[in-house]
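The file start_2.tsv contains TSV, C-alpha atoms:
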chain	number	residue	atom	x	y	z
A	1	MET	CA	0.00	0.00	0.00
A	2	LYS	CA	1.36	3.38	-0.90
A	3	ASP	CA	2.08	5.74	1.99
A	4	LYS	CA	-0.37	8.27	0.59
A	5	THR	CA	-3.16	5.69	0.41
A	6	PHE	CA	-2.36	4.48	3.92
A	7	ARG	CA	-2.48	8.01	5.34
A	8	ARG	CA	-5.80	8.64	3.64
A	9	LEU	CA	-7.25	5.40	5.00
A	10	LEU	CA	-5.95	6.14	8.50
A	11	ALA	CA	-7.37	9.66	8.35
A	12	ALA	CA	-10.74	8.25	7.26
A	13	VAL	CA	-10.74	5.76	10.16
A	14	MET	CA	-9.83	8.52	12.62
A	15	ILE	CA	-12.50	10.88	11.31
A	16	VAL	CA	-15.27	8.27	11.23
A	17	GLY	CA	-14.24	6.93	14.65
A	18	SER	CA	-14.04	10.38	16.23
A	19	VAL	CA	-17.35	11.55	14.79
A	20	SER	CA	-19.18	8.39	15.85
A	21	SER	CA	-17.69	8.56	19.36
A	22	ILE	CA	-18.58	12.24	19.75
A	23	ILE	CA	-22.15	11.59	18.57
A	24	LEU	CA	-22.48	8.63	20.94
A	25	VAL	CA	-21.19	10.68	23.89
A	26	LEU	CA	-23.51	13.62	23.10
A	27	VAL	CA	-26.52	11.35	22.69
A	28	THR	CA	-25.60	9.56	25.92
A	29	ILE	CA	-25.28	12.85	27.84
A	30	HIS	CA	-28.70	13.94	26.53
A	31	MET	CA	-30.27	10.61	27.45
A	32	TYR	CA	-28.57	10.60	30.87
A	33	GLN	CA	-30.00	14.02	31.67
A	34	ASN	CA	-33.52	13.13	30.53
A	35	CYS	CA	-34.12	9.48	31.37
A	36	SER	CA	-36.38	8.56	34.25
A	37	ILE	CA	-34.73	7.60	37.51
A	38	LEU	CA	-36.66	4.34	37.65
A	39	SER	CA	-35.60	3.17	34.17
A	40	TYR	CA	-32.03	4.21	34.80
A	41	ILE	CA	-31.80	2.24	38.02
A	42	ALA	CA	-33.62	-0.79	36.61
A	43	ASN	CA	-31.30	-0.94	33.56
A	44	GLY	CA	-28.16	-0.52	35.67
A	45	ARG	CA	-26.28	-2.75	38.07
B	1	MET	CA	4.87	-7.29	2.59
B	2	LYS	CA	6.03	-6.47	6.11
B	3	LYS	CA	5.12	-2.83	5.58
B	4	LEU	CA	1.65	-3.79	4.34
B	5	THR	CA	1.12	-5.92	7.45
B	6	GLN	CA	2.14	-3.03	9.69
B	7	GLN	CA	-0.19	-0.68	7.85
B	8	CYS	CA	-3.11	-3.09	8.17
B	9	ILE	CA	-2.42	-3.56	11.90
B	10	ALA	CA	-2.34	0.22	12.34
B	11	LEU	CA	-5.67	0.68	10.56
B	12	ILE	CA	-7.37	-2.18	12.40
B	13	GLY	CA	-5.88	-1.02	15.70
B	14	ALA	CA	-7.17	2.53	15.22
B	15	ALA	CA	-10.64	1.24	14.36
B	16	ALA	CA	-10.54	-1.14	17.36
B	17	ILE	CA	-9.70	1.67	19.79
B	18	PHE	CA	-12.81	3.59	18.71
B	19	ALA	CA	-14.94	0.45	18.74
B	20	VAL	CA	-13.84	-0.48	22.28
B	21	PHE	CA	-14.45	3.07	23.51
B	22	ASP	CA	-17.94	3.21	21.93
B	23	TYR	CA	-18.81	-0.25	23.26
B	24	ALA	CA	-17.70	0.71	26.80
B	25	VAL	CA	-19.74	3.94	26.73
B	26	TYR	CA	-22.80	2.10	25.41
B	27	GLN	CA	-22.57	-0.77	27.90
B	28	ASN	CA	-21.84	1.37	30.95
B	29	VAL	CA	-24.02	4.43	30.40
B	30	THR	CA	-26.06	4.64	27.18
B	31	LYS	CA	-27.83	1.30	27.65
B	32	ARG	CA	-28.93	2.32	31.14
B	33	CYS	CA	-30.66	5.43	29.83
B	34	ILE	CA	-32.96	3.61	27.42
B	35	ASP	CA	-36.54	3.93	28.65
B	36	TYR	CA	-38.58	0.82	27.84
B	37	THR	CA	-41.86	2.22	29.15
B	38	SER	CA	-44.66	3.34	26.83
B	39	ALA	CA	-44.49	6.61	24.91
B	40	GLU	CA	-47.32	7.99	27.08
B	41	MET	CA	-45.42	7.10	30.27
B	42	GLN	CA	-42.27	8.76	28.96
B	43	ALA	CA	-44.11	11.92	27.91
B	44	LYS	CA	-46.45	12.29	30.88
B	45	SER	CA	-44.86	10.23	33.71
B	46	VAL	CA	-48.19	8.43	34.14
B	47	GLU	CA	-50.49	6.42	31.87
B	48	VAL	CA	-53.18	9.12	31.89
B	49	SER	CA	-55.43	7.19	29.50
B	50	GLU	CA	-55.62	4.28	31.96
B	51	TYR	CA	-56.77	6.42	34.91
B	52	LEU	CA	-59.42	8.65	33.36
B	53	PRO	CA	-62.66	9.39	35.22
B	54	PHE	CA	-66.02	8.19	33.84
B	55	ASP	CA	-64.29	5.42	31.90
B	56	PRO	CA	-65.64	1.93	32.73
B	57	ASP	CA	-62.20	0.42	32.03
B	58	SER	CA	-60.37	2.97	34.18
B	59	LYS	CA	-58.00	1.73	36.91
B	60	ILE	CA	-59.09	4.43	39.37
B	61	ALA	CA	-60.80	3.62	42.67
B	62	ALA	CA	-64.18	4.58	41.23
B	63	ALA	CA	-66.76	5.55	43.85
B	64	ASP	CA	-69.98	7.52	43.87
B	65	SER	CA	-70.82	10.36	46.20
B	66	GLN	CA	-73.92	12.15	47.40
B	67	LEU	CA	-72.12	15.38	46.62
B	68	LYS	CA	-72.43	16.59	43.03
B	69	LEU	CA	-70.76	19.83	42.07
B	70	SER	CA	-72.26	22.42	39.73
B	71	SER	CA	-71.81	22.34	35.96
B	72	HIS	CA	-68.82	24.68	36.37
B	73	PRO	CA	-66.79	22.98	39.11
B	74	PRO	CA	-63.34	24.14	40.24
B	75	VAL	CA	-60.59	23.36	37.74
B	76	ILE	CA	-58.46	20.63	39.30
B	77	ASP	CA	-54.88	19.64	38.48
B	78	GLY	CA	-52.12	17.69	40.18
B	79	ALA	CA	-48.95	15.63	40.27
B	80	ALA	CA	-48.30	12.53	38.15
B	81	GLY	CA	-48.20	10.20	41.12
B	82	LEU	CA	-51.44	11.64	42.46
B	83	PHE	CA	-53.32	11.55	39.16
B	84	PRO	CA	-55.31	8.40	40.13
B	85	VAL	CA	-56.41	10.12	43.36
B	86	TYR	CA	-57.78	13.30	41.87
B	87	SER	CA	-59.17	11.47	38.86
B	88	ALA	CA	-61.20	9.35	41.31
B	89	PHE	CA	-62.28	12.56	43.09
B	90	VAL	CA	-63.49	13.96	39.77
B	91	HIS	CA	-65.29	10.71	39.00
B	92	ALA	CA	-67.08	10.89	42.36
B	93	VAL	CA	-68.24	14.53	42.50
B	94	TYR	CA	-67.78	16.27	39.14
B	95	PRO	CA	-70.39	16.32	36.37
B	96	GLU	CA	-69.25	14.03	33.56
B	97	ASP	CA	-69.70	16.72	30.92
B	98	SER	CA	-67.22	19.00	32.71
B	99	VAL	CA	-64.27	16.79	31.73
B	100	HIS	CA	-62.98	16.86	28.15
B	101	TYR	CA	-60.12	14.59	27.07
B	102	ASP	CA	-59.25	14.53	23.37
B	103	GLY	CA	-57.36	11.25	23.48
B	104	ASP	CA	-54.02	12.91	24.12
B	105	GLN	CA	-54.66	15.69	26.63
B	106	PHE	CA	-57.35	17.57	28.51
B	107	THR	CA	-58.79	20.40	26.43
B	108	ALA	CA	-58.65	24.01	27.62
B	109	GLU	CA	-62.33	24.05	28.70
B	110	SER	CA	-62.01	20.85	30.78
B	111	ALA	CA	-62.47	21.18	34.55
B	112	MET	CA	-59.85	18.45	34.94
B	113	GLN	CA	-56.29	19.14	33.85
B	114	TYR	CA	-52.97	17.34	34.15
B	115	THR	CA	-49.81	19.43	34.04
B	116	ASN	CA	-47.83	17.57	36.75
B	117	THR	CA	-46.27	19.28	39.78
B	118	ARG	CA	-44.39	22.10	38.07
B	119	GLY	CA	-47.25	22.98	35.74
B	120	ALA	CA	-49.85	22.77	38.49
B	121	TYR	CA	-47.98	25.12	40.85
B	122	LYS	CA	-47.52	27.57	37.99
B	123	ALA	CA	-51.21	27.33	37.09
B	124	LEU	CA	-52.26	27.81	40.72
B	125	ALA	CA	-50.08	30.91	40.97
B	126	GLU	CA	-51.47	32.32	37.74
B	127	GLY	CA	-55.06	31.49	38.66
B	128	THR	CA	-55.79	29.16	35.73
B	129	VAL	CA	-56.37	26.24	38.12
B	130	ASP	CA	-58.53	26.41	41.26
B	131	VAL	CA	-57.20	23.46	43.24
B	132	ALA	CA	-54.41	20.92	42.79
B	133	VAL	CA	-53.43	17.71	44.53
B	134	LEU	CA	-49.71	18.02	45.22
B	135	VAL	CA	-46.87	17.58	47.67
B	136	LYS	CA	-45.21	20.68	49.15
B	137	PRO	CA	-43.67	23.10	46.64
B	138	SER	CA	-40.07	24.13	46.22
B	139	GLU	CA	-38.92	27.54	47.49
B	140	ALA	CA	-38.89	28.82	43.89
B	141	GLN	CA	-42.51	27.74	43.39
B	142	MET	CA	-43.61	29.46	46.62
B	143	GLN	CA	-41.76	32.59	45.59
B	144	TYR	CA	-43.38	32.56	42.14
B	145	ALA	CA	-46.83	32.23	43.73
B	146	GLU	CA	-46.10	35.22	45.97
B	147	GLU	CA	-44.91	37.25	42.99
B	148	GLN	CA	-48.18	36.45	41.22
B	149	GLY	CA	-50.17	37.57	44.27
B	150	ALA	CA	-51.38	34.07	45.16
B	151	GLU	CA	-51.50	33.02	48.81
B	152	LEU	CA	-51.34	29.23	48.73
B	153	GLU	CA	-53.14	27.22	51.35
B	154	PHE	CA	-52.46	23.53	51.99
B	155	VAL	CA	-55.17	21.13	53.16
B	156	PRO	CA	-53.60	17.76	54.09
B	157	ILE	CA	-55.53	14.86	52.61
B	158	GLY	CA	-53.14	11.89	52.62
B	159	TYR	CA	-49.58	10.77	52.78
B	160	ASP	CA	-47.07	8.29	51.44
B	161	ALA	CA	-43.53	7.12	52.05
B	162	PHE	CA	-40.62	8.87	50.40
B	163	VAL	CA	-38.48	5.95	49.25
B	164	PHE	CA	-34.94	5.35	48.04
B	165	LEU	CA	-34.35	2.92	45.20
B	166	VAL	CA	-31.49	0.79	43.95
B	167	ASN	CA	-31.10	-1.91	41.32
B	168	SER	CA	-32.50	-5.24	42.50
B	169	SER	CA	-29.03	-6.82	42.19
B	170	ASN	CA	-27.54	-4.34	44.68
B	171	PRO	CA	-26.77	-6.28	47.91
B	172	VAL	CA	-27.50	-3.25	50.12
B	173	GLU	CA	-30.94	-3.63	51.72
B	174	SER	CA	-31.00	-0.79	54.24
B	175	LEU	CA	-29.33	2.56	54.83
B	176	THR	CA	-29.63	5.11	57.59
B	177	CYS	CA	-31.04	8.55	56.85
B	178	GLU	CA	-27.64	10.03	57.66
B	179	GLN	CA	-25.88	7.70	55.21
B	180	ILE	CA	-28.25	8.82	52.45
B	181	ARG	CA	-27.63	12.47	53.26
B	182	ASP	CA	-23.88	11.77	53.16
B	183	ILE	CA	-24.24	10.04	49.77
B	184	TYR	CA	-26.12	12.97	48.23
B	185	ALA	CA	-23.79	15.49	49.87
B	186	GLY	CA	-20.82	13.71	48.26
B	187	ASP	CA	-19.27	12.54	51.56
B	188	ILE	CA	-19.88	8.85	50.75
B	189	LEU	CA	-18.80	8.04	47.19
B	190	ALA	CA	-18.73	4.23	46.91
B	191	TRP	CA	-21.11	1.42	47.78
B	192	ASP	CA	-18.43	-0.48	49.74
B	193	GLN	CA	-18.53	2.33	52.32
B	194	VAL	CA	-22.07	1.24	53.21
B	195	GLY	CA	-21.70	-2.54	52.90
B	196	GLY	CA	-22.12	-2.89	49.12
B	197	LYS	CA	-20.01	-3.74	46.09
B	198	HIS	CA	-16.77	-2.03	45.04
B	199	LEU	CA	-18.64	0.40	42.80
B	200	LEU	CA	-19.06	4.15	42.75
B	201	ILE	CA	-22.42	5.54	43.84
B	202	ASP	CA	-24.44	7.34	41.17
B	203	ALA	CA	-26.80	9.55	43.20
B	204	LYS	CA	-29.55	10.42	40.74
B	205	GLN	CA	-31.84	13.44	41.08
B	206	ARG	CA	-35.06	14.67	39.50
B	207	ASN	CA	-35.74	17.94	37.71
B	208	PRO	CA	-35.89	21.05	39.92
B	209	GLY	CA	-39.47	21.76	41.00
B	210	SER	CA	-40.69	18.17	40.68
B	211	GLY	CA	-42.48	16.89	43.77
B	212	SER	CA	-39.91	14.28	44.67
B	213	GLN	CA	-36.97	16.67	44.11
B	214	SER	CA	-38.58	19.19	46.49
B	215	ALA	CA	-39.10	16.37	49.02
B	216	MET	CA	-35.43	15.37	48.61
B	217	GLU	CA	-34.21	18.91	49.19
B	218	SER	CA	-36.36	19.05	52.32
B	219	PHE	CA	-34.96	15.68	53.47
B	220	MET	CA	-31.39	17.01	53.08
B	221	GLY	CA	-32.17	19.56	55.77
B	222	GLY	CA	-30.16	22.38	54.24
B	223	ARG	CA	-27.17	20.30	53.12
B	224	GLU	CA	-26.09	20.94	49.54
B	225	ILE	CA	-26.45	18.09	47.06
B	226	HIS	CA	-23.08	17.21	45.48
B	227	PRO	CA	-23.31	13.83	43.76
B	228	ASN	CA	-20.19	12.01	42.64
B	229	PRO	CA	-19.29	13.40	39.16
B	230	PHE	CA	-17.97	9.97	38.13
B	231	GLY	CA	-21.01	8.17	39.53
B	232	ALA	CA	-22.30	7.26	36.07
B	233	LEU	CA	-19.62	4.57	36.00
B	234	GLY	CA	-21.05	2.96	39.12
B	235	SER	CA	-24.38	1.81	40.51
B	236	ALA	CA	-27.28	4.19	41.01
B	237	ILE	CA	-29.49	5.25	43.89
B	238	GLY	CA	-32.60	7.34	43.33
B	239	PHE	CA	-35.77	8.43	45.08
B	240	SER	CA	-39.48	8.63	44.51
B	241	PHE	CA	-42.76	8.02	46.30
B	242	ARG	CA	-43.75	4.46	47.23
B	243	TYR	CA	-47.09	4.41	45.43
B	244	TYR	CA	-45.60	5.80	42.23
B	245	VAL	CA	-42.92	3.10	42.20
B	246	SER	CA	-45.03	0.14	43.26
B	247	ASP	CA	-48.30	0.90	41.46
B	248	LEU	CA	-47.85	3.40	38.64
B	249	ALA	CA	-44.40	3.06	37.13
B	250	GLY	CA	-43.72	-0.61	37.80
B	251	SER	CA	-40.92	-1.82	40.03
B	252	SER	CA	-39.30	-4.46	37.81
B	253	GLY	CA	-35.52	-4.44	38.27
B	254	ILE	CA	-35.52	-2.11	41.26
B	255	LYS	CA	-36.01	-2.42	45.00
B	256	MET	CA	-36.90	0.03	47.73
B	257	LEU	CA	-34.38	0.35	50.55
B	258	ALA	CA	-35.31	0.08	54.20
B	259	LEU	CA	-34.45	3.22	56.14
B	260	ASP	CA	-32.94	2.87	59.59
B	261	GLY	CA	-33.90	-0.82	59.26
B	262	VAL	CA	-37.61	-0.13	58.55
B	263	ALA	CA	-39.08	-1.16	55.19
B	264	PRO	CA	-41.54	1.25	53.49
B	265	THR	CA	-44.61	-0.98	53.84
B	266	PRO	CA	-48.11	0.53	54.24
B	267	GLU	CA	-48.15	-0.76	57.83
B	268	HIS	CA	-44.87	0.95	58.72
B	269	ILE	CA	-46.02	4.17	57.04
B	270	ALA	CA	-49.34	4.15	58.88
B	271	ASP	CA	-47.82	3.38	62.31
B	272	GLY	CA	-45.16	6.08	61.84
B	273	SER	CA	-42.14	3.76	62.14
B	274	TYR	CA	-40.91	4.45	58.58
B	275	PRO	CA	-38.87	7.63	59.03
B	276	ILE	CA	-39.72	9.70	55.93
B	277	VAL	CA	-43.37	10.26	55.22
B	278	SER	CA	-44.54	12.92	52.81
B	279	THR	CA	-47.95	14.52	53.11
B	280	PHE	CA	-49.90	15.50	50.03
B	281	TYR	CA	-52.36	18.33	49.97
B	282	ALA	CA	-55.26	19.97	48.22
B	283	VAL	CA	-53.54	23.26	47.35
B	284	TYR	CA	-55.49	26.41	46.52
B	285	ASP	CA	-55.18	30.17	46.51
B	286	LYS	CA	-56.71	31.67	49.65
B	287	HIS	CA	-58.25	34.46	47.56
B	288	ASN	CA	-59.91	32.13	45.04
B	289	PRO	CA	-63.61	33.12	44.89
B	290	HIS	CA	-64.96	29.93	43.26
B	291	PRO	CA	-68.21	29.11	45.16
B	292	ASP	CA	-67.71	25.33	45.00
B	293	LEU	CA	-64.14	25.36	46.27
B	294	PRO	CA	-64.89	25.28	50.04
B	295	VAL	CA	-67.38	22.46	49.47
B	296	LEU	CA	-64.85	20.44	47.47
B	297	LEU	CA	-62.08	21.00	50.01
B	298	GLU	CA	-64.33	19.89	52.87
B	299	TRP	CA	-65.37	16.81	50.87
B	300	MET	CA	-61.72	15.86	50.22
B	301	GLN	CA	-61.33	15.42	53.98
B	302	SER	CA	-64.56	13.44	54.32
B	303	ASP	CA	-64.81	9.69	54.88
B	304	GLU	CA	-65.83	9.22	51.24
B	305	ALA	CA	-62.75	10.93	49.85
B	306	GLN	CA	-60.45	9.42	52.43
B	307	LYS	CA	-61.70	5.95	51.44
B	308	ILE	CA	-60.89	6.76	47.81
B	309	ILE	CA	-57.35	7.69	48.89
B	310	ALA	CA	-56.99	4.41	50.80
B	311	ASP	CA	-58.50	2.34	47.97
B	312	THR	CA	-56.11	3.98	45.50
B	313	GLY	CA	-53.16	2.79	47.58
B	314	TYR	CA	-52.17	5.85	49.60
B	315	ILE	CA	-52.50	6.38	53.35
B	316	PRO	CA	-55.44	8.66	54.21
B	317	CYS	CA	-55.01	11.49	56.72
B	318	ASN	CA	-58.20	10.47	58.55
B	319	PRO	CA	-58.28	6.65	58.31

Take the structure in the file and give it back as structure tokens.
Amino acid sequence: MKDKTFRRLLAAVMIVGSVSSIILVLVTIHMYQNCSILSYIANGR
Amino acid sequence: MKKLTQQCIALIGAAAIFAVFDYAVYQNVTKRCIDYTSAEMQAKSVEVSEYLPFDPDSKIAAADSQLKLSSHPPVIDGAAGLFPVYSAFVHAVYPEDSVHYDGDQFTAESAMQYTNTRGAYKALAEGTVDVAVLVKPSEAQMQYAEEQGAELEFVPIGYDAFVFLVNSSNPVESLTCEQIRDIYAGDILAWDQVGGKHLLIDAKQRNPGSGSQSAMESFMGGREIHPNPFGALGSAIGFSFRYYVSDLAGSSGIKMLALDGVAPTPEHIADGSYPIVSTFYAVYDKHNPHPDLPVLLEWMQSDEAQKIIADTGYIPCNP
């Protein structure tokens, strides 16, 4: 694999991974702030 | 070939780091926040459509009364957990044609409304509701009422236990009141400090102005609430009212803690041995001129109304 191709692939993985993680964290924070206490406790440990 | 292998390992490794991170976040936090209750329960905190008055399939403690209010009775509102109580009151003494429910909400001309604790205190202060069945307000709600010129009066009509909840797999069965205050104040951070697992304590709260949040602030006795900021990684504790947990919301997967060794059973609430009991009231503005209001308030303390409270599952003030 050419270095240029590798760098592009790595950049794509980093961008997709970062964006998906940020979205997951933001959605989780929103859900954490709005979910009912009872559901939260029942789904937990 | 060796270079290609290294490049592939780097790409797969980078993807794996993100995948592991996302999986850990989902398993430890996101999954816990998914609410499996019905859309109506999530939106309204109570299955309003199952507790409507004048509905033969309603789950309310339906009873008749000799008292029948006029065709323009006082507009009544209340808290989610107390909806079955005041719906049964309406069923007993309100004219059927005074209640209008469009399948999703009560219409503006209906003498019965449901806006939950925060909405009901706001409506009482602004004079759009005549009486509401609620627990005590927060300081901000009292202040707002004063600013609006309303002088709120509280007629006690029943009570219930204020309970603390944990996951049913949590080995802790009982805490002292002081331990709970220490947990919410941030002085106790882990369950192993109170006989539980080696997990952080996630001390959950409700929205400001909700009935149970106001009760919690009162229970703290002036101590500031400072939950563990990393608690989401641990095991949760929360609070509510006993009837709401056991009868309205469903208690699958959770258990109520004993306090000072006393379980929140109806017997322990009635005999006063359970340490935290919360009174609920018929709340109204002292200056409200509605002619039926004094009659309704007197009836809410009568044997008929008190039996409705007991049949619903609460503890009446005058058993």

Determine which residues of chain B sit within 9 Å of chain A, taking into account only C-alpha atoms, and present them as number ranges by chain. B: 3-4, 7-8, 10-12, 14-15, 17-19, 21-22, 25-26, 28-37, 42, 45, 165-170, 204-207, 232, 234-240, 245, 249-255

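CA of Gln105 (chain B) is found 25.0 Å from CA of Ala145 (chain B).
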
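The space separating CA of Leu257 (chain B) from CA of Tyr243 (chain B) comes to 14.3 Å.
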
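Note that the spacing between CA of Val75 (chain B) and CA of Phe154 (chain B) amounts to 16.4 Å.
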
Edge lengths and centre, in Å to one decimal, as JSON: that's what I need for the box along x, y and z that holds all listed atoms of region 29-33 of chain A plus 4 Å on each side.
{"center_x": -27.8, "center_y": 12.3, "center_z": 29.1, "size_x": 13.0, "size_y": 11.4, "size_z": 13.1}

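Distances from B:Ala79, B:Gly103, B:Met220, B:Ile315 to Tyr159 (chain B) were compared using only C-alpha atoms, and the smallest one belongs to B:Ile315.
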
Name all residues at most 9 Å from Gly119 (chain B) (count all atoms listed in the file; drop same-chain ones fewer than 3 positions away) and give them as a VMD selection string. chain B and resid 77 to 79 114 to 116 122 to 124

Selection near Glu139 (chain B), 12 Å with all atoms listed in the file, sequence-local residues under 3 positions removed, as a VMD selection string: chain B and resid 121 136 142 to 146 208 to 211 213 to 215 217 to 218

Next, dump the selected residues to file, keeping only C-alpha atoms, as a PDB file, keeping the file's coordinate frame.
ATOM      1  CA  TYR B 121     -47.980  25.120  40.850  1.00  0.00           C
ATOM      2  CA  LYS B 136     -45.210  20.680  49.150  1.00  0.00           C
ATOM      3  CA  MET B 142     -43.610  29.460  46.620  1.00  0.00           C
ATOM      4  CA  GLN B 143     -41.760  32.590  45.590  1.00  0.00           C
ATOM      5  CA  TYR B 144     -43.380  32.560  42.140  1.00  0.00           C
ATOM      6  CA  ALA B 145     -46.830  32.230  43.730  1.00  0.00           C
ATOM      7  CA  GLU B 146     -46.100  35.220  45.970  1.00  0.00           C
ATOM      8  CA  PRO B 208     -35.890  21.050  39.920  1.00  0.00           C
ATOM      9  CA  GLY B 209     -39.470  21.760  41.000  1.00  0.00           C
ATOM     10  CA  SER B 210     -40.690  18.170  40.680  1.00  0.00           C
ATOM     11  CA  GLY B 211     -42.480  16.890  43.770  1.00  0.00           C
ATOM     12  CA  GLN B 213     -36.970  16.670  44.110  1.00  0.00           C
ATOM     13  CA  SER B 214     -38.580  19.190  46.490  1.00  0.00           C
ATOM     14  CA  ALA B 215     -39.100  16.370  49.020  1.00  0.00           C
ATOM     15  CA  GLU B 217     -34.210  18.910  49.190  1.00  0.00           C
ATOM     16  CA  SER B 218     -36.360  19.050  52.320  1.00  0.00           C
TER      17      SER B 218
END

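Take the candidates B:Gln179, B:Thr312, B:Thr117, B:Thr128 and check each one against Lys44 (chain B) using only C-alpha atoms; the shortest distance goes to B:Thr117.
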
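Candidate residues B:Glu47, B:Asp160, B:Glu267, B:Glu153 were compared for distance to Ala80 (chain B), and the nearest is B:Glu47, using all atoms listed in the file.
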